[in-house]
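The data block below is start.tsv; it holds TSV, C-alpha atoms.
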```
chain	number	residue	atom	x	y	z
A	44	MET	CA	120.99	-82.15	-57.97
A	45	GLU	CA	119.10	-79.83	-60.33
A	46	VAL	CA	117.48	-82.84	-61.97
A	47	LEU	CA	116.43	-84.25	-58.59
A	48	ALA	CA	115.00	-80.86	-57.62
A	49	LEU	CA	113.02	-80.83	-60.86
A	50	VAL	CA	111.72	-84.34	-60.17
A	51	TYR	CA	110.71	-83.31	-56.63
A	52	ARG	CA	108.91	-80.23	-57.97
A	53	ASN	CA	106.99	-82.29	-60.53
A	54	LEU	CA	105.88	-84.86	-57.96
A	55	ARG	CA	104.95	-82.19	-55.43
A	56	ALA	CA	102.86	-80.34	-58.03
A	57	ARG	CA	100.34	-83.20	-57.82
A	58	PRO	CA	100.56	-84.14	-54.13
A	59	VAL	CA	97.39	-86.23	-53.77
A	60	ARG	CA	98.08	-88.38	-56.80
A	61	SER	CA	101.74	-88.83	-55.87
A	62	LEU	CA	100.85	-89.70	-52.25
A	63	LEU	CA	98.25	-92.29	-53.24
A	64	THR	CA	100.70	-93.86	-55.69
A	65	LEU	CA	103.38	-93.93	-53.00
A	66	LEU	CA	100.98	-95.61	-50.57
A	67	GLY	CA	100.18	-98.26	-53.15
A	68	ILE	CA	103.87	-99.13	-53.49
A	69	VAL	CA	104.35	-99.05	-49.71
A	70	VAL	CA	101.53	-101.53	-49.13
A	71	ALA	CA	102.70	-103.78	-51.97
A	72	THR	CA	106.30	-103.84	-50.73
A	73	ALA	CA	105.31	-104.27	-47.08
A	74	SER	CA	103.06	-107.24	-47.91
A	75	MET	CA	105.87	-108.89	-49.88
A	76	VAL	CA	108.35	-108.32	-47.04
A	77	LEU	CA	105.95	-109.72	-44.45
A	78	PHE	CA	105.04	-112.78	-46.52
A	79	LEU	CA	108.66	-113.65	-47.32
A	80	SER	CA	109.80	-112.93	-43.76
A	81	PHE	CA	108.01	-116.09	-42.64
A	82	GLY	CA	110.36	-118.17	-44.78
A	83	GLU	CA	113.41	-116.40	-43.35
A	84	GLY	CA	112.05	-116.82	-39.84
A	85	LEU	CA	111.40	-120.52	-40.34
A	86	ARG	CA	114.94	-121.07	-41.60
A	87	ARG	CA	116.38	-119.30	-38.58
A	88	ALA	CA	114.07	-121.04	-36.10
A	89	LEU	CA	114.72	-124.51	-37.54
A	90	GLY	CA	118.46	-123.98	-37.42
A	91	ALA	CA	118.23	-122.91	-33.79
A	92	GLU	CA	115.97	-125.83	-32.88
A	93	LEU	CA	118.17	-128.46	-34.51
A	94	SER	CA	121.24	-127.06	-32.77
A	95	ARG	CA	119.52	-127.70	-29.42
A	96	VAL	CA	118.82	-131.40	-30.07
A	97	GLY	CA	121.29	-133.72	-28.36
A	98	PRO	CA	121.11	-136.98	-30.39
A	99	ALA	CA	122.70	-136.64	-33.83
A	100	ILE	CA	120.38	-139.00	-35.75
A	101	LEU	CA	116.61	-139.31	-35.87
A	102	VAL	CA	115.19	-142.65	-37.04
A	103	VAL	CA	111.66	-142.57	-38.48
A	104	PRO	CA	109.60	-145.06	-40.51
A	105	GLU	CA	110.64	-145.35	-44.13
A	106	GLY	CA	108.96	-142.64	-46.20
A	107	ALA	CA	108.09	-140.49	-43.18
A	108	GLU	CA	109.51	-137.05	-42.46
A	109	ALA	CA	111.09	-135.81	-39.27
A	110	PHE	CA	108.45	-133.11	-38.76
A	111	SER	CA	105.43	-135.39	-39.08
A	112	PRO	CA	106.11	-138.94	-37.92
A	113	GLY	CA	102.37	-139.44	-37.37
A	114	TYR	CA	100.95	-142.53	-35.71
A	115	PRO	CA	103.69	-144.73	-34.14
A	116	GLU	CA	104.86	-147.21	-36.79
A	117	LEU	CA	108.32	-148.29	-35.65
A	118	ARG	CA	107.92	-151.76	-34.18
A	119	PRO	CA	109.81	-153.05	-31.13
A	120	GLU	CA	111.69	-155.43	-33.48
A	121	THR	CA	113.17	-152.38	-35.22
A	122	LEU	CA	114.34	-150.97	-31.89
A	123	GLU	CA	116.03	-154.26	-31.01
A	124	ALA	CA	117.70	-154.41	-34.44
A	125	ILE	CA	119.16	-150.92	-33.92
A	126	ARG	CA	120.43	-151.89	-30.47
A	127	ARG	CA	122.11	-155.00	-31.89
A	128	VAL	CA	124.11	-153.05	-34.47
A	129	ALA	CA	124.78	-150.09	-32.14
A	130	PRO	CA	128.20	-151.20	-30.80
A	131	SER	CA	129.68	-151.74	-34.26
A	132	LEU	CA	128.49	-148.32	-35.48
A	133	GLY	CA	129.65	-146.26	-32.53
A	134	ILE	CA	126.15	-145.66	-31.21
A	135	VAL	CA	126.21	-144.86	-27.50
A	136	GLN	CA	122.52	-144.21	-26.79
A	137	VAL	CA	119.23	-145.30	-28.37
A	138	ILE	CA	116.11	-143.45	-27.19
A	139	PRO	CA	112.69	-144.60	-28.47
A	140	THR	CA	109.90	-142.03	-28.23
A	141	ALA	CA	106.21	-141.85	-29.01
A	142	VAL	CA	104.35	-138.62	-29.69
A	143	PHE	CA	100.67	-137.86	-29.17
A	144	ALA	CA	99.11	-134.53	-30.11
A	145	ARG	CA	95.76	-133.26	-28.90
A	146	GLY	CA	93.95	-130.05	-29.75
A	147	GLY	CA	93.64	-127.70	-32.70
A	148	PHE	CA	95.40	-124.74	-34.23
A	149	ASP	CA	95.03	-122.57	-31.12
A	150	PRO	CA	98.23	-123.01	-29.06
A	151	SER	CA	96.33	-122.46	-25.81
A	152	SER	CA	94.15	-125.52	-26.45
A	153	SER	CA	96.71	-127.84	-28.07
A	154	PHE	CA	99.02	-130.24	-26.25
A	155	VAL	CA	101.90	-132.39	-27.53
A	156	PHE	CA	102.86	-135.32	-25.30
A	157	GLN	CA	106.25	-136.95	-25.87
A	158	GLY	CA	106.67	-140.35	-24.27
A	159	LEU	CA	110.13	-141.17	-22.90
A	160	PRO	CA	111.44	-144.55	-21.72
A	161	ALA	CA	112.39	-145.14	-18.10
A	162	GLY	CA	115.63	-143.46	-17.07
A	163	VAL	CA	115.49	-140.89	-19.90
A	164	THR	CA	114.58	-137.27	-19.25
A	165	ALA	CA	113.83	-134.33	-21.52
A	166	ARG	CA	117.40	-133.08	-20.97
A	167	ASP	CA	118.72	-136.17	-22.80
A	168	LEU	CA	116.87	-134.94	-25.89
A	169	TYR	CA	117.35	-131.20	-25.40
A	170	PRO	CA	120.47	-130.52	-23.30
A	171	ASN	CA	119.67	-126.82	-22.89
A	172	LEU	CA	116.51	-127.45	-20.85
A	173	ARG	CA	116.57	-126.40	-17.21
A	174	LEU	CA	114.27	-127.37	-14.35
A	175	ALA	CA	112.20	-124.61	-12.74
A	176	LYS	CA	110.56	-126.71	-10.03
A	177	GLY	CA	109.90	-130.33	-9.13
A	178	SER	CA	111.62	-133.27	-10.82
A	179	MET	CA	113.04	-133.71	-14.31
A	180	ASP	CA	112.11	-137.42	-14.31
A	181	PRO	CA	108.38	-138.10	-14.97
A	182	GLY	CA	108.62	-141.48	-13.23
A	183	ASP	CA	105.93	-144.08	-13.85
A	184	TRP	CA	102.80	-141.88	-14.06
A	185	GLY	CA	104.04	-138.32	-13.88
A	186	ALA	CA	104.46	-135.48	-16.37
A	187	VAL	CA	107.17	-132.85	-16.83
A	188	VAL	CA	105.70	-129.74	-18.45
A	189	GLY	CA	107.55	-127.42	-20.80
A	190	GLY	CA	107.80	-123.79	-19.74
A	191	GLY	CA	105.63	-122.45	-22.57
A	192	VAL	CA	102.71	-124.83	-22.17
A	193	ALA	CA	102.88	-124.43	-18.37
A	194	ARG	CA	102.54	-120.65	-18.65
A	195	ARG	CA	99.71	-120.75	-21.21
A	196	ASN	CA	97.62	-123.28	-19.29
A	197	ASN	CA	98.55	-122.47	-15.67
A	198	LEU	CA	100.00	-125.94	-15.11
A	199	ASP	CA	101.87	-126.33	-11.84
A	200	LEU	CA	103.07	-129.11	-9.59
A	201	GLY	CA	100.30	-131.47	-8.54
A	202	LYS	CA	97.95	-130.63	-11.43
A	203	THR	CA	96.18	-133.61	-12.98
A	204	LEU	CA	96.36	-134.34	-16.71
A	205	ARG	CA	93.62	-136.67	-17.93
A	206	LEU	CA	94.67	-138.09	-21.31
A	207	SER	CA	91.88	-140.68	-21.42
A	208	PRO	CA	89.57	-142.47	-18.99
A	209	GLN	CA	92.37	-145.02	-18.46
A	210	VAL	CA	95.39	-142.70	-18.47
A	211	THR	CA	95.75	-139.96	-15.84
A	212	LEU	CA	99.05	-138.23	-15.06
A	213	ARG	CA	100.14	-135.77	-12.39
A	214	VAL	CA	102.53	-132.89	-13.01
A	215	VAL	CA	105.78	-133.62	-11.16
A	216	GLY	CA	108.05	-131.06	-12.83
A	217	VAL	CA	107.96	-127.72	-14.64
A	218	LEU	CA	110.78	-126.61	-16.93
A	219	GLU	CA	112.15	-123.14	-17.44
A	220	ARG	CA	111.39	-121.47	-20.76
A	221	SER	CA	114.25	-122.01	-23.21
A	222	GLY	CA	112.82	-120.15	-26.20
A	223	GLY	CA	112.27	-123.20	-28.42
A	224	LEU	CA	109.74	-125.81	-29.46
A	225	ALA	CA	110.70	-127.95	-26.46
A	226	ASP	CA	108.84	-125.40	-24.29
A	227	ASN	CA	105.58	-126.62	-25.82
A	228	PHE	CA	105.97	-130.33	-25.06
A	229	ILE	CA	104.73	-132.34	-22.09
A	230	TYR	CA	107.15	-135.15	-21.30
A	231	VAL	CA	105.47	-138.29	-20.01
A	232	PRO	CA	106.36	-141.98	-19.50
A	233	LEU	CA	106.42	-143.99	-22.72
A	234	PRO	CA	103.99	-146.65	-21.35
A	235	ALA	CA	101.38	-143.90	-20.89
A	236	ILE	CA	101.44	-143.08	-24.64
A	237	HIS	CA	101.38	-146.78	-25.50
A	238	ALA	CA	98.34	-147.30	-23.28
A	239	LEU	CA	96.65	-144.22	-24.70
A	240	LEU	CA	97.17	-145.26	-28.35
A	241	ASN	CA	96.81	-148.99	-27.65
A	242	THR	CA	100.11	-149.81	-29.37
A	243	GLY	CA	103.64	-150.86	-28.52
A	244	ASN	CA	105.20	-149.03	-31.47
A	245	TYR	CA	107.31	-145.88	-31.51
A	246	SER	CA	107.03	-142.61	-33.44
A	247	SER	CA	110.79	-142.14	-33.72
A	248	ILE	CA	114.08	-143.36	-32.30
A	249	LEU	CA	116.82	-140.90	-31.42
A	250	VAL	CA	120.40	-142.10	-31.75
A	251	ALA	CA	123.46	-140.53	-30.10
A	252	ILE	CA	126.90	-141.42	-31.47
A	253	GLU	CA	130.48	-141.32	-30.20
A	254	PRO	CA	132.41	-138.05	-30.55
A	255	GLY	CA	134.38	-138.03	-33.79
A	256	ARG	CA	131.93	-140.24	-35.68
A	257	ARG	CA	130.35	-138.78	-38.82
A	258	ALA	CA	126.58	-138.71	-38.42
A	259	GLU	CA	125.97	-139.12	-42.17
A	260	GLU	CA	128.05	-142.30	-42.34
A	261	VAL	CA	126.36	-143.82	-39.30
A	262	ALA	CA	122.92	-142.92	-40.67
A	263	ARG	CA	123.61	-144.56	-44.04
A	264	ALA	CA	125.00	-147.66	-42.32
A	265	LEU	CA	121.87	-147.88	-40.16
A	266	GLU	CA	119.62	-147.77	-43.21
A	267	GLU	CA	121.64	-150.55	-44.85
A	268	ARG	CA	121.61	-152.85	-41.83
A	269	VAL	CA	118.08	-152.19	-40.51
A	270	SER	CA	115.18	-152.42	-42.95
A	271	GLY	CA	112.11	-150.19	-43.04
A	272	ILE	CA	113.68	-147.04	-41.59
A	273	ASP	CA	114.95	-143.63	-42.64
A	274	ALA	CA	117.88	-142.35	-40.56
A	275	GLN	CA	117.96	-138.57	-40.81
A	276	THR	CA	120.77	-136.33	-39.62
A	277	THR	CA	120.52	-132.63	-38.84
A	278	GLY	CA	121.76	-131.89	-42.35
A	279	ASP	CA	119.06	-134.12	-43.90
A	280	VAL	CA	116.35	-132.39	-41.89
A	281	MET	CA	117.66	-128.94	-42.85
A	282	ARG	CA	117.81	-129.85	-46.54
A	283	PHE	CA	114.22	-131.10	-46.46
A	284	ALA	CA	113.14	-128.00	-44.55
A	285	GLU	CA	114.93	-125.74	-47.04
A	286	ARG	CA	113.09	-127.35	-49.96
A	287	ALA	CA	109.76	-126.97	-48.19
A	288	VAL	CA	110.46	-123.35	-47.24
A	289	ARG	CA	111.52	-122.50	-50.80
A	290	ILE	CA	108.27	-123.87	-52.17
A	291	SER	CA	106.30	-121.88	-49.62
A	292	ASP	CA	108.40	-118.80	-50.49
A	293	LEU	CA	107.37	-119.11	-54.13
A	294	VAL	CA	103.72	-119.40	-53.15
A	295	ARG	CA	103.90	-116.35	-50.89
A	296	PHE	CA	105.82	-114.35	-53.50
A	297	GLY	CA	103.18	-115.28	-56.07
A	298	ILE	CA	100.49	-113.89	-53.78
A	299	SER	CA	102.42	-110.70	-53.10
A	300	LEU	CA	103.14	-110.35	-56.82
A	301	VAL	CA	99.49	-109.37	-57.32
A	302	ALA	CA	99.98	-106.41	-54.99
A	303	LEU	CA	103.27	-105.55	-56.72
A	304	VAL	CA	101.60	-105.51	-60.14
A	305	VAL	CA	98.89	-103.20	-58.80
A	306	GLY	CA	101.57	-100.92	-57.35
A	307	GLY	CA	103.39	-100.91	-60.69
A	308	LEU	CA	100.21	-99.95	-62.52
A	309	LEU	CA	99.69	-97.10	-60.08
A	310	VAL	CA	103.18	-95.78	-60.79
A	311	ALA	CA	102.68	-96.14	-64.54
A	312	ASN	CA	99.33	-94.33	-64.36
A	313	THR	CA	100.75	-91.46	-62.29
A	314	VAL	CA	103.75	-90.94	-64.54
A	315	MET	CA	101.74	-91.28	-67.75
A	316	MET	CA	99.17	-88.72	-66.58
A	317	SER	CA	102.03	-86.42	-65.64
A	318	VAL	CA	103.48	-86.78	-69.12
A	319	TYR	CA	100.20	-85.83	-70.83
A	320	GLU	CA	99.76	-82.84	-68.54
A	321	ARG	CA	103.29	-81.59	-69.25
A	322	ILE	CA	103.46	-81.98	-73.02
A	323	ARG	CA	103.96	-78.25	-73.55
A	324	GLU	CA	106.68	-78.24	-70.90
A	325	PHE	CA	108.53	-81.06	-72.64
A	326	GLY	CA	108.13	-79.31	-75.97
A	327	LEU	CA	109.62	-76.12	-74.55
A	328	MET	CA	112.54	-78.08	-73.06
A	329	ARG	CA	113.18	-79.66	-76.44
A	330	ALA	CA	113.00	-76.26	-78.14
A	331	LEU	CA	115.61	-74.95	-75.70
A	332	GLY	CA	117.98	-77.75	-76.64
A	333	ALA	CA	117.13	-80.65	-74.33
A	334	LYS	CA	117.93	-84.03	-75.86
A	335	ARG	CA	115.46	-86.89	-76.13
A	336	ARG	CA	117.53	-88.96	-73.71
A	337	PHE	CA	117.32	-86.15	-71.12
A	338	ILE	CA	113.51	-86.16	-71.31
A	339	PHE	CA	113.51	-89.94	-71.18
A	340	GLY	CA	115.79	-89.99	-68.14
A	341	LEU	CA	113.82	-87.26	-66.34
A	342	VAL	CA	110.51	-89.11	-66.57
A	343	LEU	CA	112.11	-92.45	-65.76
A	344	LEU	CA	113.75	-90.88	-62.71
A	345	GLU	CA	110.36	-89.74	-61.42
A	346	ALA	CA	109.09	-93.31	-61.57
A	347	LEU	CA	112.29	-94.57	-59.97
A	348	VAL	CA	112.01	-92.07	-57.09
A	349	LEU	CA	108.43	-93.19	-56.43
A	350	GLY	CA	109.45	-96.85	-56.51
A	351	LEU	CA	112.51	-96.40	-54.28
A	352	ALA	CA	110.72	-94.20	-51.74
A	353	GLY	CA	107.80	-96.62	-51.61
A	354	GLY	CA	110.21	-99.54	-51.26
A	355	LEU	CA	112.03	-97.97	-48.31
A	356	LEU	CA	108.81	-97.06	-46.52
A	357	GLY	CA	107.33	-100.47	-47.33
A	358	LEU	CA	110.44	-102.15	-45.91
A	359	LEU	CA	110.04	-100.21	-42.66
A	360	LEU	CA	106.35	-101.08	-42.49
A	361	GLY	CA	107.10	-104.74	-43.20
A	362	GLN	CA	109.73	-104.74	-40.46
A	363	ALA	CA	107.20	-103.31	-38.01
A	364	ALA	CA	104.61	-105.92	-39.02
A	365	SER	CA	107.23	-108.67	-38.65
A	366	GLY	CA	108.00	-107.46	-35.13
A	367	LEU	CA	104.31	-107.58	-34.26
A	368	VAL	CA	104.04	-111.15	-35.57
A	369	ASN	CA	107.08	-112.18	-33.53
A	370	TRP	CA	105.64	-110.59	-30.41
A	371	PHE	CA	102.55	-112.77	-30.79
A	372	THR	CA	104.33	-116.02	-31.73
A	373	LEU	CA	106.93	-115.63	-28.97
A	374	ARG	CA	104.14	-115.22	-26.45
A	375	GLU	CA	102.12	-118.16	-27.76
A	376	VAL	CA	104.67	-120.77	-28.90
A	377	GLY	CA	108.02	-119.35	-27.81
A	378	LEU	CA	109.37	-118.96	-31.35
A	379	ALA	CA	110.08	-115.96	-33.58
A	380	LEU	CA	108.55	-117.10	-36.87
A	381	SER	CA	109.29	-113.96	-38.88
A	382	ALA	CA	112.65	-112.41	-39.75
A	383	VAL	CA	113.54	-109.51	-42.04
A	384	THR	CA	117.10	-110.39	-42.98
A	385	LEU	CA	119.59	-108.37	-45.01
A	386	ARG	CA	118.96	-110.69	-47.96
A	387	LEU	CA	115.22	-110.09	-47.80
A	388	ALA	CA	115.62	-106.31	-47.36
A	389	SER	CA	117.95	-106.13	-50.37
A	390	PHE	CA	115.56	-108.20	-52.46
A	391	ALA	CA	112.60	-106.00	-51.50
A	392	LEU	CA	114.45	-102.81	-52.46
A	393	LEU	CA	115.58	-104.38	-55.72
A	394	VAL	CA	112.01	-105.35	-56.55
A	395	ALA	CA	110.83	-101.80	-55.75
A	396	VAL	CA	113.51	-100.29	-58.02
A	397	VAL	CA	112.72	-102.69	-60.87
A	398	LEU	CA	109.03	-101.96	-60.34
A	399	GLY	CA	109.64	-98.22	-60.70
A	400	LEU	CA	111.82	-98.63	-63.78
A	401	ALA	CA	109.40	-101.01	-65.48
A	402	ALA	CA	106.39	-98.81	-64.71
A	403	GLY	CA	108.16	-95.64	-65.91
A	404	PHE	CA	109.65	-96.99	-69.12
A	405	LEU	CA	106.59	-96.55	-71.37
A	406	PRO	CA	105.70	-93.03	-70.10
A	407	ALA	CA	109.37	-92.01	-70.46
A	408	ARG	CA	109.49	-93.38	-73.98
A	409	THR	CA	106.28	-91.52	-74.84
A	410	ALA	CA	107.59	-88.25	-73.42
A	411	SER	CA	110.92	-88.50	-75.28
A	412	ARG	CA	109.18	-89.00	-78.63
A	413	ILE	CA	106.91	-85.96	-78.43
A	414	ARG	CA	107.40	-83.68	-81.43
A	415	VAL	CA	108.38	-80.13	-80.58
A	416	VAL	CA	105.92	-78.45	-82.99
A	417	GLU	CA	102.96	-80.53	-81.79
A	418	ALA	CA	103.88	-80.03	-78.13
A	419	LEU	CA	104.16	-76.25	-78.41
A	420	GLY	CA	100.86	-76.12	-80.29
A	421	ARG	CA	98.97	-77.67	-77.39
A	422	VAL	CA	96.66	-75.34	-75.48
```
Encoded form using structure tokens:
Amino acid sequence: MEVLALVYRNLRARPVRSLLTLLGIVVATASMVLFLSFGEGLRRALGAELSRVGPAILVVPEGAEAFSPGYPELRPETLEAIRRVAPSLGIVQVIPTAVFARGGFDPSSSFVFQGLPAGVTARDLYPNLRLAKGSMDPGDWGAVVGGGVARRNNLDLGKTLRLSPQVTLRVVGVLERSGGLADNFIYVPLPAIHALLNTGNYSSILVAIEPGRRAEEVARALEERVSGIDAQTTGDVMRFAERAVRISDLVRFGISLVALVVGGLLVANTVMMSVYERIREFGLMRALGAKRRFIFGLVLLEALVLGLAGGLLGLLLGQAASGLVNWFTLREVGLALSAVTLRLASFALLVAVVLGLAAGFLPARTASRIRVVEALGRV
């Protein structure tokens, strides 16, 4: 405790410098926590979204990914081939869909239309969806609007949606908000998307299987028996997403590393200046019997205290910033895209501690090697 009191006294003796150094570490740690929280949030959101999807297998064109099927490329012949092999593979439902997106990055001006075949509703794709008003079935020229997009754009029963001069739909149903991506879709008849894009192809085909069947085995069998497709299970999608998130984590950590290096230099500068200002003090401590390792540990502890205190405050600030981001994204797209998990919090504190130790090593080494005679001779 006496050592900690001595460290506190030394840091408090230069309050402005210590405070500015602490703020530098706080900002560096908070920025790292916020950047990396997006990766944690995406993992959590994707897991929640995939758990809501009813069909176990998603069929996309060969080489395409589940998140970006793009322009419809699956031909009707592919759909028929899947239906032919369905009974032998334990497939109980085959749902072709076509997706059309309109708008930009602003959620309030972007719309995603998902075309569904006759007799299929949004609940067949996302069983957790509930109807707020109207009908769940879009019919021949209707539209069922997700709860999120309905709230953002004031879409209600009877509103007209003009997709093109030839394609006009009327809102026949509004869904309750479920807290997922499905809230941001507008579910329309499949022929409407085909007419809009002037194609008979599909963006993806969702496949439901019998209970007890292994989705991975059915997916591999589909790929062997139907050419030109990739059959992706929930596990496949999660593995791809994990790889993508890890790459983005490295990029974000690289950006935040710049702030961490600056924070480390601030700590090193503060501690080194403190060492030069206290040379006589260290010399007197040595003359009274203090060992080199005690001086080394004392200076290193000062840097460690700065790093740990800055890390804790930075973690709190990052958590607050993450909450603000989630407030915005939940309001706009119905998803919490940021999450400060225990793993991330532990990593942030570890980085702050390592930062303090690394920044304080050279000043501590310098202080421990000061000669007693030279130190006491300083004015």
Top pick for closest residue to Glu219 in chain A, considering A:Leu101, A:Leu65, A:Leu300, A:Val187 and counting only C-alpha atoms: A:Val187
Rounded to one decimal, what separation in Å do you get between CA of Arg336 in chain A and CA of Gly403 in chain A? 13.9 Å
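In this model, the gap between CA of Arg286 in chain A and CA of Thr384 in chain A comes to 18.8 Å.
When all atoms listed in the file are used to compute distances to Asn369 in chain A, the closest of the residues A:Val394, A:Val383, A:Leu239, A:Leu356 turns out to be A:Val383.
Taking all atoms listed in the file into account, Ala144 in chain A lies nearest to A:Ser246 out of the set A:Thr211, A:Thr313, A:Thr64, A:Ser246.
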Using all atoms listed in the file, which residues of range 224-280 of chain A come within 12 Å of range 162-165 of chain A, and what is the closest atom pair for each, with the distance in Å to one decimal? Give it as JSON lines, sorted by chain and residue number.
```
{"residue": "A:Ala225", "atom": "CA", "partner": "A:Ala165", "partner_atom": "CA", "distance": 8.7}
{"residue": "A:Asp226", "atom": "CA", "partner": "A:Ala165", "partner_atom": "CA", "distance": 10.6}
{"residue": "A:Phe228", "atom": "CA", "partner": "A:Ala165", "partner_atom": "CA", "distance": 9.5}
{"residue": "A:Ile229", "atom": "CA", "partner": "A:Ala165", "partner_atom": "CA", "distance": 9.3}
{"residue": "A:Tyr230", "atom": "CA", "partner": "A:Ala165", "partner_atom": "CA", "distance": 6.7}
{"residue": "A:Val231", "atom": "CA", "partner": "A:Thr164", "partner_atom": "CA", "distance": 9.2}
{"residue": "A:Pro232", "atom": "CA", "partner": "A:Val163", "partner_atom": "CA", "distance": 9.2}
{"residue": "A:Leu233", "atom": "CA", "partner": "A:Val163", "partner_atom": "CA", "distance": 10.0}
{"residue": "A:Leu249", "atom": "CA", "partner": "A:Val163", "partner_atom": "CA", "distance": 11.6}
```
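Among the candidate residues A:Ile338, A:Leu122, A:Ile248, A:Val69, the one lying nearest to Gly158 in chain A is A:Ile248, with distances computed using all atoms listed in the file.
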Using all atoms listed in the file, give me every residue within 12 Å of (124.5, -145.8, -38.1) in file coordinates, as a compact mmCIF listing (two decimals) with C-alpha atoms, in the frame of the given file.
```txt
# COMPACT_ATOMS: atom_id res chain seq x y z
CA ALA A 99 122.70 -136.64 -33.83
CA ILE A 100 120.38 -139.00 -35.75
CA LEU A 101 116.61 -139.31 -35.87
CA VAL A 102 115.19 -142.65 -37.04
CA ALA A 124 117.70 -154.41 -34.44
CA ILE A 125 119.16 -150.92 -33.92
CA ARG A 126 120.43 -151.89 -30.47
CA ARG A 127 122.11 -155.00 -31.89
CA VAL A 128 124.11 -153.05 -34.47
CA ALA A 129 124.78 -150.09 -32.14
CA PRO A 130 128.20 -151.20 -30.80
CA SER A 131 129.68 -151.74 -34.26
CA LEU A 132 128.49 -148.32 -35.48
CA GLY A 133 129.65 -146.26 -32.53
CA ILE A 134 126.15 -145.66 -31.21
CA VAL A 135 126.21 -144.86 -27.50
CA GLN A 136 122.52 -144.21 -26.79
CA VAL A 137 119.23 -145.30 -28.37
CA LEU A 249 116.82 -140.90 -31.42
CA VAL A 250 120.40 -142.10 -31.75
CA ALA A 251 123.46 -140.53 -30.10
CA ILE A 252 126.90 -141.42 -31.47
CA GLU A 253 130.48 -141.32 -30.20
CA ARG A 256 131.93 -140.24 -35.68
CA ARG A 257 130.35 -138.78 -38.82
CA ALA A 258 126.58 -138.71 -38.42
CA GLU A 259 125.97 -139.12 -42.17
CA GLU A 260 128.05 -142.30 -42.34
CA VAL A 261 126.36 -143.82 -39.30
CA ALA A 262 122.92 -142.92 -40.67
CA ARG A 263 123.61 -144.56 -44.04
CA ALA A 264 125.00 -147.66 -42.32
CA LEU A 265 121.87 -147.88 -40.16
CA GLU A 266 119.62 -147.77 -43.21
CA GLU A 267 121.64 -150.55 -44.85
CA ARG A 268 121.61 -152.85 -41.83
CA VAL A 269 118.08 -152.19 -40.51
CA ILE A 272 113.68 -147.04 -41.59
CA ASP A 273 114.95 -143.63 -42.64
CA ALA A 274 117.88 -142.35 -40.56
CA GLN A 275 117.96 -138.57 -40.81
CA THR A 276 120.77 -136.33 -39.62
```
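Proximity to Ala407 in chain A was assessed for A:Ala238, A:Leu380, A:Leu309, A:Val314 counting all atoms listed in the file; the smallest distance is recorded for A:Val314.
Nearest-residue note for Leu373 in chain A: choosing from A:Leu224, A:Leu218, A:Leu168, A:Val59, the minimum distance belongs to A:Leu224, counting only C-alpha atoms.
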Spatial neighbours of Leu378 in chain A, max dist 12 Å, only C-alpha atoms, sep filter under 3 positions, as a count of residues only: 28
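Here CA of Ser153 in chain A is placed at a distance of 23.2 Å from CA of Gly177 in chain A.
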I want to know what sits within 12 Å of Leu343 in chain A, based on only C-alpha atoms, with residues of the same chain fewer than 3 positions away left out; could you give that as a PyMOL selection string? chain A and resi 46-47+50+310-311+313-315+317-318+336-340+346-350+396-411
